[in-house]
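Text of entry_35.tsv, listed as TSV, C-alpha atoms:
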```
chain	number	residue	atom	x	y	z
R	1	MET	CA	-58.22	-66.17	35.91
R	2	VAL	CA	-59.43	-67.96	39.04
R	3	ARG	CA	-60.51	-71.09	37.21
R	4	PRO	CA	-58.89	-73.45	34.69
R	5	VAL	CA	-58.46	-72.43	31.07
R	6	THR	CA	-61.08	-74.54	29.32
R	7	THR	CA	-61.19	-76.07	25.86
R	8	LEU	CA	-64.33	-77.65	24.44
R	9	PHE	CA	-63.02	-80.60	22.39
R	10	MET	CA	-65.61	-82.51	20.38
R	11	LEU	CA	-66.14	-84.73	17.38
R	12	MET	CA	-69.15	-83.57	15.39
R	13	SER	CA	-70.86	-84.02	12.05
R	14	ALA	CA	-70.76	-81.34	9.37
R	15	ASP	CA	-74.22	-80.23	10.52
R	16	GLY	CA	-73.20	-79.82	14.16
R	17	LYS	CA	-74.49	-83.09	15.61
R	18	ILE	CA	-72.54	-85.00	18.28
R	19	SER	CA	-74.45	-88.25	17.92
R	20	THR	CA	-75.96	-90.22	15.08
R	21	GLY	CA	-79.47	-89.87	16.49
R	22	ALA	CA	-81.75	-89.16	19.45
R	23	SER	CA	-81.63	-92.62	21.04
R	24	ASP	CA	-79.16	-94.04	23.57
R	25	ASP	CA	-78.77	-96.92	21.10
R	26	LEU	CA	-77.10	-94.46	18.71
R	27	ASP	CA	-73.65	-93.07	19.42
R	28	PHE	CA	-70.70	-91.72	17.40
R	29	ASP	CA	-68.15	-94.03	19.03
R	30	ARG	CA	-70.33	-97.04	18.28
R	31	ASP	CA	-71.72	-96.05	14.90
R	32	LEU	CA	-69.11	-94.12	12.92
R	33	PRO	CA	-66.76	-97.14	12.66
R	34	LEU	CA	-69.56	-98.90	10.76
R	35	ILE	CA	-69.94	-96.24	8.04
R	36	ASP	CA	-67.95	-96.42	4.82
R	37	GLY	CA	-66.30	-93.09	4.04
R	38	VAL	CA	-66.34	-92.06	7.70
R	39	ARG	CA	-64.59	-94.85	9.60
R	40	GLU	CA	-61.38	-94.52	7.57
R	41	GLY	CA	-60.49	-91.13	9.07
R	42	LEU	CA	-61.88	-91.68	12.56
R	43	PRO	CA	-58.55	-92.76	14.18
R	44	GLN	CA	-57.29	-89.18	13.66
R	45	TYR	CA	-59.83	-87.97	16.21
R	46	TYR	CA	-58.67	-90.46	18.83
R	47	ASP	CA	-55.03	-89.61	18.13
R	48	ILE	CA	-55.70	-85.90	18.67
R	49	GLU	CA	-57.75	-86.68	21.79
R	50	GLN	CA	-54.62	-88.23	23.32
R	51	THR	CA	-52.91	-84.82	23.11
R	52	THR	CA	-55.57	-82.91	25.09
R	53	ASP	CA	-55.24	-81.69	28.68
R	54	LEU	CA	-54.45	-84.03	31.56
R	55	TRP	CA	-57.66	-82.87	33.26
R	56	SER	CA	-60.85	-83.96	31.47
R	57	PHE	CA	-64.43	-82.85	32.22
R	58	ASN	CA	-67.46	-84.97	31.34
R	59	THR	CA	-70.92	-85.82	32.67
R	60	GLY	CA	-72.41	-88.85	34.32
R	61	ARG	CA	-75.15	-88.87	31.68
R	62	VAL	CA	-72.65	-89.28	28.85
R	63	GLN	CA	-70.65	-91.89	30.75
R	64	GLN	CA	-73.78	-93.88	31.64
R	65	LYS	CA	-74.53	-94.00	27.93
R	66	MET	CA	-70.97	-95.29	27.35
R	67	GLY	CA	-71.66	-98.13	29.78
R	68	VAL	CA	-69.28	-97.35	32.65
R	69	ASN	CA	-71.79	-98.60	35.23
R	70	THR	CA	-71.22	-102.16	34.02
R	71	LEU	CA	-67.80	-102.14	32.32
R	72	PRO	CA	-64.86	-103.99	33.93
R	73	LEU	CA	-62.56	-101.76	35.95
R	74	PRO	CA	-59.92	-100.23	33.63
R	75	GLN	CA	-56.20	-99.64	33.96
R	76	LYS	CA	-55.11	-96.31	35.41
R	77	THR	CA	-54.32	-93.54	32.92
R	78	LEU	CA	-52.34	-90.30	33.24
R	79	VAL	CA	-55.57	-88.26	33.13
R	80	SER	CA	-57.50	-86.79	36.06
R	81	PHE	CA	-61.24	-86.89	35.40
R	82	VAL	CA	-63.91	-84.44	36.54
R	83	LEU	CA	-67.53	-85.61	36.24
R	84	LEU	CA	-70.70	-83.63	36.75
R	85	ASP	CA	-73.39	-86.02	37.97
R	86	ASN	CA	-76.41	-86.18	40.25
R	87	HIS	CA	-77.96	-89.57	39.56
R	88	HIS	CA	-76.57	-91.35	36.47
R	89	LEU	CA	-73.50	-93.05	37.96
R	90	THR	CA	-73.78	-96.09	40.19
R	91	GLU	CA	-71.23	-97.10	42.83
R	92	HIS	CA	-69.58	-99.28	40.18
R	93	GLY	CA	-69.41	-96.29	37.82
R	94	ILE	CA	-67.65	-94.29	40.54
R	95	ARG	CA	-65.18	-97.12	41.15
R	96	TYR	CA	-64.58	-97.32	37.39
R	97	PHE	CA	-63.38	-93.72	37.33
R	98	CYS	CA	-61.38	-94.12	40.53
R	99	ALA	CA	-59.53	-96.98	38.82
R	100	ARG	CA	-59.04	-94.96	35.63
R	101	SER	CA	-58.06	-91.57	37.08
R	102	GLN	CA	-55.01	-90.03	38.66
R	103	ARG	CA	-57.45	-87.88	40.62
R	104	PHE	CA	-61.20	-88.21	40.26
R	105	VAL	CA	-63.34	-85.21	41.15
R	106	LEU	CA	-67.11	-85.64	41.23
R	107	ILE	CA	-69.25	-82.49	41.13
R	108	THR	CA	-72.74	-83.13	42.49
R	109	SER	CA	-75.61	-81.39	44.24
R	110	ASN	CA	-77.08	-84.73	45.36
R	111	PRO	CA	-76.29	-85.43	49.05
R	112	GLN	CA	-77.37	-89.06	48.52
R	113	HIS	CA	-75.05	-89.74	45.57
R	114	PRO	CA	-73.55	-93.28	45.63
R	115	ALA	CA	-70.07	-91.68	45.58
R	116	PHE	CA	-70.43	-90.81	49.26
R	117	GLY	CA	-70.29	-94.54	50.02
R	118	VAL	CA	-67.03	-95.07	48.11
R	119	HIS	CA	-63.73	-94.63	49.94
R	120	GLU	CA	-60.81	-94.32	47.54
R	121	ASN	CA	-57.73	-92.18	48.07
R	122	ASN	CA	-58.08	-90.43	44.70
R	123	LEU	CA	-61.83	-89.68	44.97
R	124	HIS	CA	-62.81	-86.10	45.79
R	125	ILE	CA	-66.40	-84.87	45.94
R	126	LEU	CA	-67.40	-81.25	45.39
R	127	GLN	CA	-70.98	-80.81	46.55
R	128	GLU	CA	-71.78	-77.80	44.39
R	129	ALA	CA	-74.75	-76.60	42.33
R	130	SER	CA	-72.71	-73.81	40.68
R	131	LEU	CA	-70.45	-74.69	37.77
R	132	GLN	CA	-68.57	-71.42	38.22
R	133	ILE	CA	-67.73	-72.17	41.85
R	134	ALA	CA	-66.89	-75.79	41.04
R	135	LEU	CA	-64.41	-74.75	38.34
R	136	ARG	CA	-62.86	-72.19	40.68
R	137	ARG	CA	-62.40	-74.89	43.31
R	138	LEU	CA	-60.81	-77.18	40.74
R	139	LYS	CA	-58.04	-74.63	40.31
R	140	THR	CA	-57.62	-73.46	43.90
R	141	GLU	CA	-57.96	-76.83	45.64
R	142	PHE	CA	-56.56	-79.24	43.04
R	143	GLY	CA	-54.21	-77.12	40.96
R	144	CYS	CA	-56.11	-77.74	37.71
R	145	GLU	CA	-54.75	-75.13	35.30
R	146	ARG	CA	-56.18	-76.43	32.00
R	147	LEU	CA	-59.32	-78.49	31.50
R	148	THR	CA	-60.65	-80.23	28.38
R	149	LEU	CA	-64.46	-80.25	28.20
R	150	GLN	CA	-66.11	-83.28	26.56
R	151	SER	CA	-69.59	-83.04	27.99
R	152	GLY	CA	-72.94	-83.36	26.25
R	153	GLY	CA	-74.78	-80.61	24.42
R	154	THR	CA	-76.95	-79.55	27.38
R	155	VAL	CA	-74.03	-78.98	29.73
R	156	ASN	CA	-72.02	-77.43	26.89
R	157	GLY	CA	-74.88	-74.94	26.59
R	158	LEU	CA	-74.74	-74.12	30.31
R	159	LEU	CA	-70.98	-73.62	30.12
R	160	LEU	CA	-71.35	-71.35	27.10
R	161	ARG	CA	-74.09	-69.19	28.62
R	162	GLN	CA	-72.02	-68.77	31.79
R	163	LYS	CA	-68.93	-67.77	29.76
R	164	LEU	CA	-66.95	-70.75	31.02
R	165	ILE	CA	-65.53	-71.87	27.63
R	166	ASP	CA	-62.25	-70.28	26.51
R	167	TYR	CA	-61.38	-72.32	23.40
R	168	VAL	CA	-63.23	-74.65	21.03
R	169	ASP	CA	-61.40	-77.48	19.23
R	170	LEU	CA	-63.62	-79.34	16.76
R	171	ILE	CA	-62.98	-82.42	14.65
R	172	ILE	CA	-65.53	-82.40	11.80
R	173	ALA	CA	-66.48	-85.81	10.43
R	174	PRO	CA	-67.58	-85.99	6.76
R	175	VAL	CA	-71.16	-86.97	7.54
R	176	LEU	CA	-74.58	-85.31	7.90
R	177	ALA	CA	-76.65	-86.72	10.78
R	178	GLY	CA	-79.77	-84.57	10.66
R	179	GLY	CA	-82.77	-84.74	12.96
R	180	LYS	CA	-84.08	-81.88	15.11
R	181	ASN	CA	-83.82	-84.02	18.27
R	182	THR	CA	-80.31	-85.29	17.59
R	183	PRO	CA	-77.90	-83.84	20.20
R	184	THR	CA	-75.83	-80.92	18.94
R	185	LEU	CA	-72.62	-79.29	20.10
R	186	ILE	CA	-74.59	-76.66	22.05
R	187	ASP	CA	-78.05	-77.66	23.30
R	188	GLY	CA	-80.24	-76.39	26.13
R	189	ASP	CA	-82.63	-73.47	26.04
R	190	ALA	CA	-82.60	-71.37	22.88
R	191	LEU	CA	-82.43	-67.59	22.93
R	192	THR	CA	-85.85	-65.97	22.60
R	193	SER	CA	-85.16	-62.24	22.44
R	194	PRO	CA	-82.71	-59.86	20.74
R	195	THR	CA	-81.80	-58.69	24.25
R	196	ASP	CA	-80.28	-62.17	24.85
R	197	LEU	CA	-77.65	-61.85	22.12
R	198	SER	CA	-74.90	-61.18	24.64
R	199	ALA	CA	-75.20	-64.88	25.60
R	200	LEU	CA	-73.92	-65.95	22.18
R	201	GLY	CA	-70.39	-67.34	21.96
R	202	VAL	CA	-68.35	-65.23	19.54
R	203	LEU	CA	-65.36	-67.05	18.08
R	204	LYS	CA	-62.01	-66.11	16.55
R	205	LEU	CA	-60.52	-68.73	14.24
R	206	ILE	CA	-57.05	-69.81	15.38
R	207	ASP	CA	-56.42	-72.68	12.98
R	208	CYS	CA	-58.10	-74.65	10.22
R	209	THR	CA	-56.38	-77.94	9.37
R	210	PRO	CA	-57.64	-80.33	6.69
R	211	LEU	CA	-57.15	-83.91	7.87
R	212	GLN	CA	-57.10	-87.12	5.88
R	213	ASN	CA	-60.26	-88.77	4.53
R	214	SER	CA	-62.20	-85.48	4.34
R	215	TYR	CA	-62.00	-84.75	8.07
R	216	LEU	CA	-61.34	-81.19	9.24
R	217	ARG	CA	-59.99	-79.67	12.47
R	218	LEU	CA	-61.20	-76.21	13.48
R	219	ARG	CA	-59.73	-74.37	16.46
R	220	TYR	CA	-61.27	-71.20	17.88
R	221	GLN	CA	-60.79	-68.80	20.77
R	222	VAL	CA	-63.98	-67.61	22.45
R	223	ILE	CA	-63.69	-63.83	22.47
R	224	ALA	CA	-67.11	-62.87	23.82
```
So that I can check it, write out the structure of this file as structure tokens.
Amino acid sequence: MVRPVTTLFMLMSADGKISTGASDDLDFDRDLPLIDGVREGLPQYYDIEQTTDLWSFNTGRVQQKMGVNTLPLPQKTLVSFVLLDNHHLTEHGIRYFCARSQRFVLITSNPQHPAFGVHENNLHILQEASLQIALRRLKTEFGCERLTLQSGGTVNGLLLRQKLIDYVDLIIAPVLAGGKNTPTLIDGDALTSPTDLSALGVLKLIDCTPLQNSYLRLRYQVIA
């Protein structure tokens, strides 16, 4: 396989939502610790997250929502970060990830992205519009063999439709979020014809592990 083996790793509600609502003021990381019956088991998710791949894929949109454009620069971690972004990250947001990452790879199709004005030894910019080509370059140019995907529902949908997800690792929180506009695990354009069914992701269950406080871990292989 001339791209990394990818695993979509996400925390979601029992009804498939990855946020508490459709506003940037609502967010699992911010909100779930406030909810009785949910916060007690939440540390399990963060503990499992620490065991994921040393290459992590996310989007500038998600990270903007998390506040990286204004947060103080962090300590360096053991993880190399890959971000897909055209206009959500500022120069400070880029420097935040340079400080945090072993290697920081930005994928962008924007020739005016603020990252082009940042000069850090661990910053690498892939000016690509194709996710397939970008992932191939991650492996061939940077030696990325395994990549954990933690992007938003829209990009997850693009990855799924392009058959770029190999495994799915879900932590199910004991909560129902609801709302037709609340982000879900897989968003983007819906299928509209029976002829589109080949774009579905067909899964084979690898493991089902009950966790404490009514949390559940589901692990799948994408087989089609």
So that each row is one residue of range 40-93 of chain R with an atom at most 9 Å from range 7-31 of chain R, can you give its shortest atom pair and the distance in Å to one decimal, using all atoms listed in the file, rows by chain and rising number, as a Markdown table?
```
| residue | atom | partner | partner_atom | distance |
| --- | --- | --- | --- | --- |
| R:Tyr45 | CA | R:Leu11 | CA | 7.2 |
| R:Glu49 | CA | R:Phe9 | CA | 8.1 |
| R:Thr52 | CA | R:Phe9 | CA | 8.3 |
| R:Asp53 | CA | R:Thr7 | CA | 8.7 |
| R:Lys65 | CA | R:Asp24 | CA | 6.4 |
| R:Met66 | CA | R:Asp27 | CA | 8.7 |
```
Selected residue of minimal separation from Gly93 in chain R among R:Ser130, R:Ser214, R:Gln64, R:Gln162, counting all atoms listed in the file: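 Selected residue with least distance to Gly93 in chain R: R:Gln64.
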Distance query 9 Å from (-75.1, -90.6, 8.2) using only C-alpha atoms, result as a VMD selection string: chain R and resid 13 20 32 35 38 174 to 178
For Gln132 in chain R, the nearest of the candidates R:Ala115, R:Leu216, R:Leu106, R:Leu164, counting all atoms listed in the file: R:Leu164
Nearest candidate to Ala99 in chain R (options R:Phe81, R:Gln75, R:Leu159, R:His87; using all atoms listed in the file):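 Looking only at the distances to Ala99 in chain R, the closest residue turns out to be R:Gln75.
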Shortest interatomic distance to Leu135 in chain R - which of R:Tyr215, R:Tyr220, R:Trp55, R:Phe116, counting only C-alpha atoms: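 Using only C-alpha atoms, Leu135 in chain R sits closest to R:Trp55.
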Coordinates-based distance that separates CA of Ser56 in chain R from CA of Leu147 in chain R (Å, one decimal):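 These atoms are spaced 5.7 Å apart.
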Val79 in chain R surroundings by only C-alpha atoms, 6 Å radius, close-in-sequence under 2 positions cut, as a PyMOL selection string: chain R and resi 54-55+77+101-102
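The shortest atom-to-atom distance to Ser80 in chain R, with all atoms listed in the file taken into account, belongs to R:Gly143 out of R:Pro114, R:Gly179, R:Pro194, R:Gly143.
CA of His88 in chain R sits 10.2 Å away from CA of Val68 in chain R.
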Separation of CA of Arg217 in chain R from CA of Arg161 in chain R in Å: 23.9 Å
Could I see range 137-167 of chain R restored to N, CA and C atoms, set down as an mmCIF file, in the coordinates of the input?
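Generated output (selection_1.cif):
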```cif
data_model
loop_
_atom_site.group_PDB
_atom_site.id
_atom_site.type_symbol
_atom_site.label_atom_id
_atom_site.label_comp_id
_atom_site.auth_asym_id
_atom_site.auth_seq_id
_atom_site.Cartn_x
_atom_site.Cartn_y
_atom_site.Cartn_z
ATOM 1 N N ARG R 137 -62.962 -73.973 42.325
ATOM 2 C CA ARG R 137 -62.400 -74.890 43.310
ATOM 3 C C ARG R 137 -61.449 -75.902 42.679
ATOM 4 N N LEU R 138 -61.733 -76.286 41.424
ATOM 5 C CA LEU R 138 -60.810 -77.180 40.740
ATOM 6 C C LEU R 138 -59.409 -76.583 40.658
ATOM 7 N N LYS R 139 -59.356 -75.277 40.418
ATOM 8 C CA LYS R 139 -58.040 -74.630 40.310
ATOM 9 C C LYS R 139 -57.425 -74.398 41.683
ATOM 10 N N THR R 140 -58.196 -73.856 42.621
ATOM 11 C CA THR R 140 -57.620 -73.460 43.900
ATOM 12 C C THR R 140 -57.319 -74.640 44.814
ATOM 13 N N GLU R 141 -58.137 -75.693 44.729
ATOM 14 C CA GLU R 141 -57.960 -76.830 45.640
ATOM 15 C C GLU R 141 -57.176 -77.983 45.027
ATOM 16 N N PHE R 142 -57.200 -78.089 43.686
ATOM 17 C CA PHE R 142 -56.560 -79.240 43.040
ATOM 18 C C PHE R 142 -55.477 -78.852 42.047
ATOM 19 N N GLY R 143 -55.276 -77.566 41.862
ATOM 20 C CA GLY R 143 -54.210 -77.120 40.960
ATOM 21 C C GLY R 143 -54.484 -77.382 39.495
ATOM 22 N N CYS R 144 -55.751 -77.510 39.117
ATOM 23 C CA CYS R 144 -56.110 -77.740 37.710
ATOM 24 C C CYS R 144 -55.991 -76.428 36.943
ATOM 25 N N GLU R 145 -54.990 -76.348 36.057
ATOM 26 C CA GLU R 145 -54.750 -75.130 35.300
ATOM 27 C C GLU R 145 -55.439 -75.132 33.942
ATOM 28 N N ARG R 146 -55.557 -76.314 33.331
ATOM 29 C CA ARG R 146 -56.180 -76.430 32.000
ATOM 30 C C ARG R 146 -57.109 -77.632 32.024
ATOM 31 N N LEU R 147 -58.288 -77.469 31.432
ATOM 32 C CA LEU R 147 -59.320 -78.490 31.500
ATOM 33 C C LEU R 147 -59.960 -78.676 30.128
ATOM 34 N N THR R 148 -59.980 -79.909 29.638
ATOM 35 C CA THR R 148 -60.650 -80.230 28.380
ATOM 36 C C THR R 148 -62.090 -80.640 28.678
ATOM 37 N N LEU R 149 -63.036 -79.989 28.021
ATOM 38 C CA LEU R 149 -64.460 -80.250 28.200
ATOM 39 C C LEU R 149 -64.934 -81.204 27.110
ATOM 40 N N GLN R 150 -65.541 -82.330 27.509
ATOM 41 C CA GLN R 150 -66.110 -83.280 26.560
ATOM 42 C C GLN R 150 -67.492 -83.718 27.012
ATOM 43 N N SER R 151 -68.270 -82.747 27.455
ATOM 44 C CA SER R 151 -69.590 -83.040 27.990
ATOM 45 C C SER R 151 -70.628 -83.042 26.872
ATOM 46 N N GLY R 152 -71.867 -83.331 27.238
ATOM 47 C CA GLY R 152 -72.940 -83.360 26.250
ATOM 48 C C GLY R 152 -73.446 -81.969 25.914
ATOM 49 N N GLY R 153 -74.326 -81.887 24.923
ATOM 50 C CA GLY R 153 -74.780 -80.610 24.420
ATOM 51 C C GLY R 153 -75.477 -79.736 25.453
ATOM 52 N N THR R 154 -76.228 -80.342 26.375
ATOM 53 C CA THR R 154 -76.950 -79.550 27.380
ATOM 54 C C THR R 154 -75.986 -78.853 28.322
ATOM 55 N N VAL R 155 -75.009 -79.593 28.833
ATOM 56 C CA VAL R 155 -74.030 -78.980 29.730
ATOM 57 C C VAL R 155 -73.119 -78.030 28.967
ATOM 58 N N ASN R 156 -72.777 -78.374 27.719
ATOM 59 C CA ASN R 156 -72.020 -77.430 26.890
ATOM 60 C C ASN R 156 -72.756 -76.089 26.791
ATOM 61 N N GLY R 157 -74.086 -76.161 26.665
ATOM 62 C CA GLY R 157 -74.880 -74.940 26.590
ATOM 63 C C GLY R 157 -74.804 -74.135 27.882
ATOM 64 N N LEU R 158 -74.867 -74.811 29.026
ATOM 65 C CA LEU R 158 -74.740 -74.120 30.310
ATOM 66 C C LEU R 158 -73.380 -73.455 30.444
ATOM 67 N N LEU R 159 -72.335 -74.174 30.048
ATOM 68 C CA LEU R 159 -70.980 -73.620 30.120
ATOM 69 C C LEU R 159 -70.841 -72.395 29.217
ATOM 70 N N LEU R 160 -71.421 -72.484 28.027
ATOM 71 C CA LEU R 160 -71.350 -71.350 27.100
ATOM 72 C C LEU R 160 -72.074 -70.136 27.644
ATOM 73 N N ARG R 161 -73.292 -70.322 28.126
ATOM 74 C CA ARG R 161 -74.090 -69.190 28.620
ATOM 75 C C ARG R 161 -73.436 -68.535 29.829
ATOM 76 N N GLN R 162 -72.695 -69.313 30.611
ATOM 77 C CA GLN R 162 -72.020 -68.770 31.790
ATOM 78 C C GLN R 162 -70.602 -68.301 31.494
ATOM 79 N N LYS R 163 -70.240 -68.262 30.198
ATOM 80 C CA LYS R 163 -68.930 -67.770 29.760
ATOM 81 C C LYS R 163 -67.792 -68.564 30.400
ATOM 82 N N LEU R 164 -67.942 -69.883 30.402
ATOM 83 C CA LEU R 164 -66.950 -70.750 31.020
ATOM 84 C C LEU R 164 -66.161 -71.560 29.985
ATOM 85 N N ILE R 165 -66.295 -71.216 28.695
ATOM 86 C CA ILE R 165 -65.530 -71.870 27.630
ATOM 87 C C ILE R 165 -64.563 -70.851 27.043
ATOM 88 N N ASP R 166 -63.274 -71.191 27.022
ATOM 89 C CA ASP R 166 -62.250 -70.280 26.510
ATOM 90 C C ASP R 166 -61.835 -70.600 25.077
ATOM 91 N N TYR R 167 -61.793 -71.881 24.735
ATOM 92 C CA TYR R 167 -61.380 -72.320 23.400
ATOM 93 C C TYR R 167 -62.318 -73.439 22.942
#
```
